[in-house]
$ cat data_26.cif   # mmCIF, C-alpha atoms and all ligand atoms
data_upload
loop_
_atom_site.label_atom_id
_atom_site.label_comp_id
_atom_site.auth_asym_id
_atom_site.auth_seq_id
_atom_site.Cartn_x
_atom_site.Cartn_y
_atom_site.Cartn_z
CA MET A 142 -34.64 -12.50 8.93
CA SER A 143 -33.21 -9.63 11.03
CA ALA A 144 -32.27 -6.60 8.92
CA ARG A 145 -28.60 -5.67 9.02
CA PRO A 146 -27.24 -2.23 8.22
CA PRO A 147 -25.73 -2.01 4.72
CA GLY A 148 -21.97 -1.93 4.59
CA GLY A 149 -21.41 -5.12 6.54
CA ILE A 150 -18.46 -7.46 6.36
CA THR A 151 -19.11 -11.00 5.18
CA VAL A 152 -16.52 -13.76 5.52
CA LEU A 153 -16.53 -17.15 3.75
CA SER A 154 -14.89 -19.61 6.10
CA GLY A 155 -14.03 -23.18 7.00
CA GLY A 156 -12.88 -24.18 10.50
CA VAL A 157 -9.69 -23.27 12.33
CA GLY A 158 -7.83 -20.85 9.99
CA GLY A 159 -11.01 -18.98 9.10
CA ALA A 160 -12.15 -18.88 12.73
CA ARG A 161 -8.95 -17.12 13.73
CA LEU A 162 -9.46 -14.32 11.20
CA VAL A 163 -13.17 -14.05 12.08
CA ASP A 164 -12.21 -13.77 15.75
CA GLY A 165 -9.68 -11.05 14.88
CA LEU A 166 -12.32 -9.14 12.91
CA ALA A 167 -14.86 -9.45 15.74
CA GLY A 168 -12.17 -8.12 18.08
CA VAL A 169 -11.32 -5.02 16.03
CA LEU A 170 -14.81 -3.97 14.91
CA ALA A 171 -16.59 -1.51 17.19
CA ASP A 172 -19.85 -3.40 16.51
CA PRO A 173 -19.22 -7.13 15.84
CA SER A 174 -22.83 -7.55 14.72
CA VAL A 175 -21.87 -6.02 11.33
CA LEU A 176 -19.93 -9.24 10.73
CA THR A 177 -21.51 -12.25 8.99
CA VAL A 178 -19.72 -15.57 8.52
CA ILE A 179 -20.85 -17.98 5.80
CA VAL A 180 -19.53 -21.37 6.88
CA ASN A 181 -18.75 -24.64 5.11
CA THR A 182 -21.12 -27.44 6.13
CA ALA A 183 -19.81 -30.16 3.80
CA ASP A 184 -17.71 -31.56 6.71
CA ASP A 185 -20.98 -32.22 8.56
CA TRP A 186 -21.76 -35.82 9.33
CA THR A 187 -23.84 -38.07 11.53
CA LEU A 188 -22.27 -39.85 14.51
CA TRP A 189 -24.23 -41.72 17.19
CA GLY A 190 -27.36 -40.47 15.43
CA LEU A 191 -26.26 -36.87 16.06
CA HIS A 192 -25.77 -34.09 13.49
CA ILE A 193 -22.18 -32.83 13.87
CA SER A 194 -21.21 -29.52 12.18
CA PRO A 195 -17.46 -29.21 12.82
CA ASP A 196 -16.77 -25.90 11.05
CA ILE A 197 -19.89 -24.15 12.38
CA ASP A 198 -18.98 -25.25 15.90
CA THR A 199 -15.35 -24.16 15.55
CA ILE A 200 -16.56 -20.68 14.52
CA LEU A 201 -19.14 -20.53 17.34
CA TYR A 202 -16.78 -21.80 20.05
CA THR A 203 -14.00 -19.46 18.89
CA LEU A 204 -16.28 -16.41 18.93
CA ALA A 205 -17.70 -17.47 22.30
CA GLY A 206 -14.20 -17.78 23.75
CA LEU A 207 -14.75 -21.50 24.39
CA ALA A 208 -12.53 -23.08 21.71
CA SER A 209 -9.71 -25.44 22.55
CA ALA A 210 -6.57 -23.81 21.15
CA GLU A 211 -4.52 -27.03 21.48
CA GLN A 212 -6.93 -29.22 19.54
CA GLY A 213 -8.16 -26.61 17.06
CA TRP A 214 -11.68 -28.06 17.50
CA GLY A 215 -14.03 -28.72 20.41
CA ILE A 216 -14.22 -26.94 23.77
CA ALA A 217 -11.25 -26.05 25.99
CA GLY A 218 -11.05 -28.18 29.12
CA ASP A 219 -13.78 -30.55 27.92
CA THR A 220 -14.02 -34.00 29.50
CA TRP A 221 -14.54 -37.37 27.82
CA ALA A 222 -16.85 -39.40 30.09
CA ALA A 223 -19.55 -39.90 27.43
CA LEU A 224 -16.93 -40.91 24.82
CA ARG A 225 -15.48 -43.53 27.23
CA MET A 226 -18.98 -44.96 27.86
CA MET A 227 -19.73 -45.09 24.13
CA GLU A 228 -16.44 -46.94 23.68
CA ARG A 229 -17.53 -49.47 26.34
CA TYR A 230 -20.73 -49.98 24.35
CA GLY A 231 -18.60 -50.83 21.32
CA PHE A 232 -18.82 -47.58 19.33
CA PRO A 233 -15.61 -46.42 17.59
CA ALA A 234 -13.96 -43.54 19.47
CA TRP A 235 -11.64 -42.09 16.83
CA PHE A 236 -13.84 -39.00 16.46
CA ARG A 237 -13.59 -37.51 19.92
CA ILE A 238 -16.76 -35.84 21.12
CA GLY A 239 -16.23 -34.08 24.46
CA ASP A 240 -18.96 -33.98 27.11
CA ARG A 241 -19.80 -30.28 26.72
CA ASP A 242 -19.44 -30.46 22.93
CA LEU A 243 -21.93 -33.36 23.03
CA ALA A 244 -24.59 -30.98 24.35
CA THR A 245 -24.23 -28.85 21.20
CA HIS A 246 -24.79 -31.89 18.96
CA LEU A 247 -27.77 -33.04 21.08
CA ALA A 248 -29.40 -29.60 20.91
CA ARG A 249 -28.77 -29.22 17.16
CA THR A 250 -30.12 -32.70 16.42
CA ALA A 251 -33.22 -32.20 18.58
CA TRP A 252 -34.00 -28.86 16.92
CA LEU A 253 -33.45 -30.28 13.43
CA ARG A 254 -35.79 -33.18 14.29
CA ASP A 255 -38.40 -30.58 15.22
CA GLY A 256 -38.26 -29.54 11.55
CA ARG A 257 -36.20 -26.36 11.98
CA ARG A 258 -33.75 -25.18 9.29
CA LEU A 259 -30.04 -25.53 10.06
CA THR A 260 -29.80 -21.72 9.70
CA ASP A 261 -32.36 -21.26 12.52
CA VAL A 262 -30.71 -23.87 14.68
CA VAL A 263 -27.29 -22.20 14.35
CA ARG A 264 -28.91 -18.86 15.21
CA SER A 265 -30.25 -20.40 18.45
CA LEU A 266 -26.86 -21.92 19.32
CA ALA A 267 -25.13 -18.58 18.66
CA ALA A 268 -27.65 -16.66 20.78
CA ALA A 269 -27.19 -19.09 23.69
CA LEU A 270 -23.41 -18.70 23.42
CA ASP A 271 -23.64 -14.86 23.24
CA VAL A 272 -22.02 -14.81 19.80
CA ARG A 273 -22.72 -11.41 18.23
CA PRO A 274 -21.52 -11.88 14.61
CA ARG A 275 -24.07 -13.69 12.46
CA VAL A 276 -23.02 -17.26 11.69
CA LEU A 277 -24.71 -18.79 8.65
CA PRO A 278 -24.42 -22.31 7.24
CA MET A 279 -23.65 -22.13 3.49
CA CYS A 280 -26.99 -23.88 2.84
CA ASP A 281 -29.72 -25.74 4.74
CA GLU A 282 -29.56 -28.91 2.63
CA PRO A 283 -27.20 -31.78 3.52
CA VAL A 284 -23.94 -31.77 1.53
CA ALA A 285 -21.10 -34.23 2.21
CA THR A 286 -17.49 -34.07 1.05
CA VAL A 287 -16.24 -37.42 -0.23
CA VAL A 288 -12.51 -37.83 -0.90
CA HIS A 289 -11.44 -40.19 -3.68
CA THR A 290 -8.30 -42.15 -2.78
CA ALA A 291 -6.62 -45.44 -3.72
CA ALA A 292 -8.42 -46.88 -0.68
CA GLY A 293 -11.77 -45.89 -2.22
CA ARG A 294 -14.27 -43.08 -1.69
CA LEU A 295 -13.83 -41.89 1.87
CA PRO A 296 -16.31 -39.73 3.82
CA PHE A 297 -14.41 -36.57 4.77
CA GLN A 298 -14.04 -37.26 8.51
CA GLU A 299 -12.81 -40.78 7.80
CA TYR A 300 -10.17 -39.39 5.41
CA PHE A 301 -9.27 -36.47 7.70
CA VAL A 302 -9.50 -37.76 11.26
CA ALA A 303 -9.60 -41.59 11.17
CA ARG A 304 -6.85 -41.91 8.53
CA GLY A 305 -5.00 -38.68 9.39
CA ALA A 306 -5.28 -37.18 5.85
CA THR A 307 -2.47 -39.49 4.74
CA ASP A 308 -4.11 -40.97 1.61
CA PRO A 309 -3.06 -39.25 -1.62
CA VAL A 310 -6.13 -37.43 -2.90
CA GLN A 311 -7.31 -38.34 -6.40
CA GLY A 312 -10.56 -36.39 -6.45
CA ILE A 313 -13.07 -34.53 -4.32
CA GLU A 314 -16.82 -34.75 -4.59
CA PHE A 315 -19.55 -32.83 -2.78
CA GLU A 316 -22.45 -35.26 -2.45
CA GLY A 317 -25.84 -33.52 -2.51
CA ILE A 318 -24.48 -30.22 -3.84
CA ALA A 319 -26.81 -30.18 -6.87
CA GLY A 320 -29.80 -29.98 -4.54
CA ALA A 321 -28.33 -27.21 -2.35
CA HIS A 322 -29.21 -23.49 -2.49
CA PRO A 323 -27.69 -20.42 -0.88
CA THR A 324 -30.19 -19.46 1.83
CA PRO A 325 -31.99 -16.09 1.72
CA GLU A 326 -29.76 -15.03 4.64
CA VAL A 327 -26.59 -15.93 2.70
CA LEU A 328 -27.78 -14.07 -0.40
CA GLU A 329 -28.65 -11.02 1.71
CA ALA A 330 -25.23 -11.11 3.39
CA LEU A 331 -23.53 -11.07 -0.02
CA ARG A 332 -25.85 -8.38 -1.39
CA THR A 333 -25.49 -5.94 1.51
CA ALA A 334 -21.80 -6.36 2.36
CA SER A 335 -19.26 -3.68 1.53
CA VAL A 336 -16.47 -6.24 1.83
CA VAL A 337 -16.55 -10.00 1.29
CA ILE A 338 -13.49 -11.75 2.68
CA VAL A 339 -12.50 -15.28 1.68
CA ALA A 340 -10.74 -16.56 4.80
CA PRO A 341 -7.36 -18.37 4.66
CA SER A 342 -9.15 -21.74 4.77
CA ASN A 343 -8.50 -24.79 2.60
CA PRO A 344 -9.62 -23.64 -0.89
CA LEU A 345 -10.66 -27.16 -1.93
CA VAL A 346 -12.57 -28.66 1.00
CA SER A 347 -13.51 -25.59 3.08
CA ILE A 348 -14.10 -22.74 0.60
CA GLY A 349 -14.65 -25.16 -2.34
CA PRO A 350 -18.01 -26.51 -1.10
CA ILE A 351 -19.31 -22.99 -0.35
CA LEU A 352 -18.47 -21.89 -3.91
CA ALA A 353 -19.94 -25.11 -5.33
CA VAL A 354 -23.44 -24.39 -3.97
CA PRO A 355 -25.37 -23.63 -7.17
CA GLY A 356 -25.89 -19.86 -7.40
CA MET A 357 -23.16 -18.95 -4.89
CA ARG A 358 -20.51 -17.89 -7.42
CA GLU A 359 -23.13 -15.87 -9.32
CA ALA A 360 -24.10 -14.13 -6.05
CA LEU A 361 -20.43 -13.31 -5.44
CA VAL A 362 -19.94 -12.04 -8.98
CA GLY A 363 -23.06 -9.86 -8.61
CA SER A 364 -22.22 -8.58 -5.13
CA PRO A 365 -21.45 -4.86 -4.92
CA ALA A 366 -18.84 -5.65 -2.26
CA LEU A 367 -15.09 -5.52 -2.67
CA ARG A 368 -14.05 -9.19 -2.69
CA VAL A 369 -10.79 -9.95 -0.92
CA ALA A 370 -9.20 -13.39 -0.45
CA VAL A 371 -6.44 -14.13 2.06
CA THR A 372 -3.86 -16.75 1.11
CA PRO A 373 -3.94 -20.00 3.07
CA LEU A 374 -0.35 -20.75 1.94
CA VAL A 375 2.82 -19.17 3.30
CA GLY A 376 6.25 -20.12 2.03
CA GLY A 377 4.77 -23.06 0.11
CA ARG A 378 3.06 -24.52 3.18
CA ALA A 379 -0.38 -24.41 4.73
CA ILE A 380 -0.51 -23.13 8.27
CA LYS A 381 -2.68 -26.12 9.14
CA GLY A 382 -4.11 -29.09 7.32
CA PRO A 383 -3.43 -30.93 4.05
CA THR A 384 -4.03 -28.07 1.56
CA VAL A 385 -0.69 -28.55 -0.24
CA GLU A 386 -1.05 -32.33 -0.55
CA MET A 387 -4.64 -32.00 -1.76
CA MET A 388 -3.78 -29.38 -4.40
CA ARG A 389 -0.91 -31.51 -5.73
CA GLY A 390 -3.14 -34.60 -5.71
CA LEU A 391 -5.60 -32.76 -7.96
CA GLY A 392 -2.81 -31.72 -10.33
CA LEU A 393 -2.72 -28.08 -9.19
CA PRO A 394 0.47 -26.21 -8.30
CA ALA A 395 0.42 -25.71 -4.53
CA ASP A 396 1.04 -21.97 -4.57
CA PRO A 397 -0.92 -18.78 -3.84
CA ALA A 398 -1.42 -18.04 -7.55
CA ALA A 399 -3.24 -21.35 -7.99
CA VAL A 400 -5.46 -20.50 -5.00
CA ALA A 401 -6.24 -17.06 -6.45
CA ALA A 402 -7.12 -18.72 -9.78
CA LEU A 403 -9.80 -20.79 -8.01
CA TYR A 404 -11.50 -17.49 -7.05
CA ARG A 405 -10.89 -15.86 -10.45
CA ASP A 406 -14.47 -15.12 -11.43
CA PHE A 407 -15.21 -12.82 -8.47
CA LEU A 408 -11.85 -11.83 -6.94
CA ASP A 409 -10.88 -8.15 -6.61
CA VAL A 410 -7.89 -8.29 -4.26
CA PHE A 411 -5.69 -11.23 -3.24
CA VAL A 412 -3.74 -10.88 0.00
CA LEU A 413 -0.39 -12.65 -0.12
CA ASP A 414 1.81 -13.18 2.90
CA THR A 415 4.58 -10.59 3.09
CA ARG A 416 7.12 -13.42 2.86
CA ASP A 417 5.71 -14.35 -0.56
CA GLY A 418 5.56 -10.82 -2.00
CA ASP A 419 7.54 -11.91 -5.08
CA ALA A 420 4.57 -14.11 -6.15
CA ALA A 421 2.40 -11.03 -6.87
CA ALA A 422 3.00 -11.01 -10.63
CA SER A 423 2.15 -14.68 -11.00
CA VAL A 424 -1.07 -14.23 -8.99
CA VAL A 425 -2.21 -11.56 -11.44
CA SER A 426 -1.15 -13.39 -14.61
CA ARG A 427 -2.48 -16.83 -13.54
CA THR A 428 -5.81 -15.38 -12.43
CA LEU A 429 -6.23 -13.50 -15.68
CA GLN A 430 -5.20 -16.49 -17.80
CA ALA A 431 -7.70 -18.67 -15.97
CA ARG A 432 -10.55 -16.23 -16.55
CA SER A 433 -12.92 -17.31 -19.24
CA GLY A 434 -14.92 -14.72 -21.16
CA PRO A 435 -14.43 -10.99 -20.74
CA ALA A 436 -11.53 -10.21 -18.45
CA GLY A 437 -13.48 -8.04 -15.99
CA ARG A 438 -11.48 -6.36 -13.25
CA THR A 439 -7.81 -7.21 -12.93
CA PRO A 440 -7.27 -8.67 -9.47
CA LEU A 441 -4.94 -6.60 -7.34
CA VAL A 442 -2.43 -8.04 -4.95
CA ALA A 443 -1.63 -6.77 -1.47
CA CYS A 444 0.66 -8.16 1.20
CA ALA A 445 0.18 -8.67 4.93
CA ASP A 446 1.59 -10.78 7.73
CA THR A 447 -0.97 -13.60 7.55
CA ILE A 448 0.39 -15.75 10.41
CA MET A 449 -2.06 -15.71 13.31
CA SER A 450 -0.17 -17.42 16.13
CA ASP A 451 -1.94 -15.57 18.96
CA PRO A 452 -4.94 -13.25 19.52
CA ALA A 453 -2.76 -10.22 18.72
CA GLY A 454 -1.82 -11.84 15.38
CA ARG A 455 -5.51 -12.43 14.58
CA GLN A 456 -6.32 -8.77 15.18
CA ARG A 457 -3.21 -7.62 13.30
CA LEU A 458 -4.32 -9.52 10.18
CA ALA A 459 -7.93 -8.36 10.63
CA ARG A 460 -6.82 -4.72 10.74
CA ALA A 461 -4.52 -5.24 7.75
CA VAL A 462 -7.33 -6.76 5.65
CA LEU A 463 -9.68 -3.91 6.61
CA GLN A 464 -7.01 -1.36 5.74
CA ILE A 465 -6.43 -3.04 2.36
CA ALA A 466 -10.21 -3.00 1.71
CA ALA A 467 -10.43 0.69 2.68
CA ALA A 468 -7.45 1.50 0.44
CA HIS A 469 -9.41 -0.03 -2.44
CA GLY A 470 -12.41 2.16 -1.74
CA ALA A 471 -14.64 -0.11 0.34
CA PRO A 472 -16.75 1.83 2.87
CA LEU A 473 -16.12 0.21 6.23
CA PRO A 474 -17.92 0.13 9.57
CA PRO A 475 -15.91 1.76 12.38
CA ALA A 476 -13.09 -0.29 13.86
CA ALA A 477 -12.57 -0.41 17.59
CA ALA A 478 -9.91 1.90 18.99
CA PRO A 479 -6.46 0.31 18.94
CA PRO A 480 -5.45 -1.13 22.33
CA ALA A 481 -3.72 1.38 24.57
CA ALA A 482 0.08 1.13 24.53
CA PRO A 483 1.44 -0.46 27.72
CA ALA A 484 2.55 2.15 30.30
N1 LIG A 501 -10.58 -33.43 14.52
C1 LIG A 501 -9.64 -34.33 14.81
O1 LIG A 501 -8.56 -34.28 14.25
N2 LIG A 501 -9.88 -35.34 15.74
C2 LIG A 501 -11.06 -35.45 16.39
O2 LIG A 501 -11.24 -36.37 17.20
C3 LIG A 501 -12.07 -34.47 16.12
C4 LIG A 501 -13.28 -34.47 16.79
C5 LIG A 501 -14.21 -33.44 16.55
C6 LIG A 501 -15.40 -33.39 17.27
C7 LIG A 501 -16.32 -32.39 17.02
C8 LIG A 501 -16.05 -31.44 16.05
O3 LIG A 501 -16.94 -30.47 15.81
C9 LIG A 501 -14.87 -31.46 15.32
C10 LIG A 501 -13.92 -32.46 15.58
N3 LIG A 501 -12.72 -32.51 14.88
C11 LIG A 501 -11.78 -33.46 15.16
C12 LIG A 501 -12.41 -31.48 13.89
C13 LIG A 501 -12.88 -31.77 12.47
O4 LIG A 501 -12.87 -33.08 12.11
C14 LIG A 501 -12.05 -31.05 11.41
O5 LIG A 501 -11.16 -30.14 11.94
C15 LIG A 501 -12.90 -30.30 10.45
O6 LIG A 501 -13.89 -31.06 9.87
C16 LIG A 501 -12.03 -29.68 9.33
O7 LIG A 501 -12.34 -28.35 9.28
#
$ encode --input "data_26.cif" --output "structure tokens" --more "lines below"
Ligand code: FO1
Amino acid sequence: MSARPPGGITVLSGGVGGARLVDGLAGVLADPSVLTVIVNTADDWTLWGLHISPDIDTILYTLAGLASAEQGWGIAGDTWAALRMMERYGFPAWFRIGDRDLATHLARTAWLRDGRRLTDVVRSLAAALDVRPRVLPMCDEPVATVVHTAAGRLPFQEYFVARGATDPVQGIEFEGIAGAHPTPEVLEALRTASVVIVAPSNPLVSIGPILAVPGMREALVGSPALRVAVTPLVGGRAIKGPTVEMMRGLGLPADPAAVAALYRDFLDVFVLDTRDGDAAASVVSRTLQARSGPAGRTPLVACADTIMSDPAGRQRLARAVLQIAAAHGAPLPPAAAPPAAPA
């Protein structure tokens, strides 16, 4: 395990929304190697005998500057020759693996078959793609999200991609979670960070599995870092994906206060979108009400523009989150100089 300087920044993240903030942070930090990303792997699945890790790959491709902005997954400008051939051989083609993306799944699968840990494999992928932040799977063991619907128990990608996330969600299960452990690298990243940021990812199926790994919440509670979560909801809607529908399906109010309550046992600061500033009081009261046992620290609420529609928006939110962390006393690594004003 390579030693990192203390005072790092560790982000818990799913795919697209989290990747945008991670990219913004990597862009504003003078040394992006102080950044560690702990990534959901419960969306992982096996297709054509290959191990696919959608959220890990979205983070890697985004940080490598390869991501397809239109799709939100896969590689920009990828081609589909292999997919078309697989279709001719009778394989279903609803999960679209591009030709260059296919190489990532082939390499990962080959290395896993050699007996390597997923953590090591992701390190090799990141090194080959010149990704400087450290990207860590939440665990090395297989975990699979299963969505309970009226149509039955659906594997996550079948619910999300094949059926377009249209089935009302009745329950969510993380198969294999009881046998999972935070890796030594994950525990070290939580122990040595000065700030832990929960990205604006889906709290149920992106952040939820990370927090469900036995020992993860305890590691967050015990971390000396300031723990900041960024809302995935703005104006009652998720920027991307079925967060609102899933929360309602599980009987939760689909609002930022309900998201903050899911992080209640470790949260220090919750970042609301500026447009939702009037929800601050309910974030505090709901989080406190939901706390069991001694109240601990009262979560504080801050506001920022959380919409990341372009690279400038990603960096704007990254700087805002770092400023909020600094204002709450977190020692931070140096940020890169702000871009020069246009002449
Ligand atoms: N998402 C889609 O909506 N359609 C696809 O065909 C698709 C293919 C795909 C291939 C590789 C990969 O790593 C991800 C892919 N995704 C696709 C994204 C993925 O299903 C979800 O975005 C994540 O699991 C949710 O974070």
$ residues_around --input "data_26.cif" --residues "range 209-219 of chain A" --least-positions-apart "6" --cutoff "8 Å" --atoms "all atoms listed in the file" --output "list in words"
Val157, Pro195, Asp198, Thr199, Tyr202, Ile238, Gly239, Asp240, Arg241 and Asp242 of chain A
$ residues_near_ligand --input "data_26.cif" --ligand "ligand LIG 501 (chain A)" --cutoff "9 Å" --atoms "all atoms listed in the file" --output "ChimeraX atom specification"
/A:155-158,181-185,193-199,212-216,234-239,242-243,246,297-299,301-303,305,342-343,346-347,382
$ residues_around --input "data_26.cif" --residues "Leu253 in chain A" --least-positions-apart "3" --cutoff "12 Å" --atoms "all atoms listed in the file" --output "short mmCIF file (atom, residue, chain, number, x, y, z; two decimals) with C-alpha atoms, in the frame of the given file"
data_model
loop_
_atom_site.label_atom_id
_atom_site.label_comp_id
_atom_site.auth_asym_id
_atom_site.auth_seq_id
_atom_site.Cartn_x
_atom_site.Cartn_y
_atom_site.Cartn_z
CA LEU A 191 -26.26 -36.87 16.06
CA HIS A 192 -25.77 -34.09 13.49
CA ILE A 193 -22.18 -32.83 13.87
CA HIS A 246 -24.79 -31.89 18.96
CA LEU A 247 -27.77 -33.04 21.08
CA ALA A 248 -29.40 -29.60 20.91
CA ARG A 249 -28.77 -29.22 17.16
CA THR A 250 -30.12 -32.70 16.42
CA GLY A 256 -38.26 -29.54 11.55
CA ARG A 257 -36.20 -26.36 11.98
CA ARG A 258 -33.75 -25.18 9.29
CA LEU A 259 -30.04 -25.53 10.06
CA THR A 260 -29.80 -21.72 9.70
CA ASP A 261 -32.36 -21.26 12.52
CA VAL A 262 -30.71 -23.87 14.68
CA VAL A 263 -27.29 -22.20 14.35
CA SER A 265 -30.25 -20.40 18.45
CA ASP A 281 -29.72 -25.74 4.74
CA GLU A 282 -29.56 -28.91 2.63
CA PRO A 283 -27.20 -31.78 3.52
#
$ residues_around --input "data_26.cif" --residues "Ser450 in chain A" --least-positions-apart "3" --cutoff "10 Å" --atoms "only C-alpha atoms" --output "PyMOL selection string"
chain A and resi 161+380+447+453-455
$ closest_atom_pairs --input "data_26.cif" --of "range 145-220 of chain A" --to "range 320-334 of chain A" --cutoff "7 Å" --atoms "all atoms listed in the file" --output "JSON lines"
{"residue": "A:Pro147", "atom": "CA", "partner": "A:Thr333", "partner_atom": "CA", "distance": 5.1}
{"residue": "A:Gly148", "atom": "CA", "partner": "A:Ala334", "partner_atom": "CA", "distance": 5.0}
{"residue": "A:Gly149", "atom": "CA", "partner": "A:Ala334", "partner_atom": "CA", "distance": 4.4}
{"residue": "A:Ile150", "atom": "CA", "partner": "A:Ala334", "partner_atom": "CA", "distance": 5.3}
{"residue": "A:Thr151", "atom": "CA", "partner": "A:Ala334", "partner_atom": "CA", "distance": 6.1}
{"residue": "A:Thr177", "atom": "CA", "partner": "A:Ala330", "partner_atom": "CA", "distance": 6.8}
{"residue": "A:Ile179", "atom": "CA", "partner": "A:Val327", "partner_atom": "CA", "distance": 6.8}
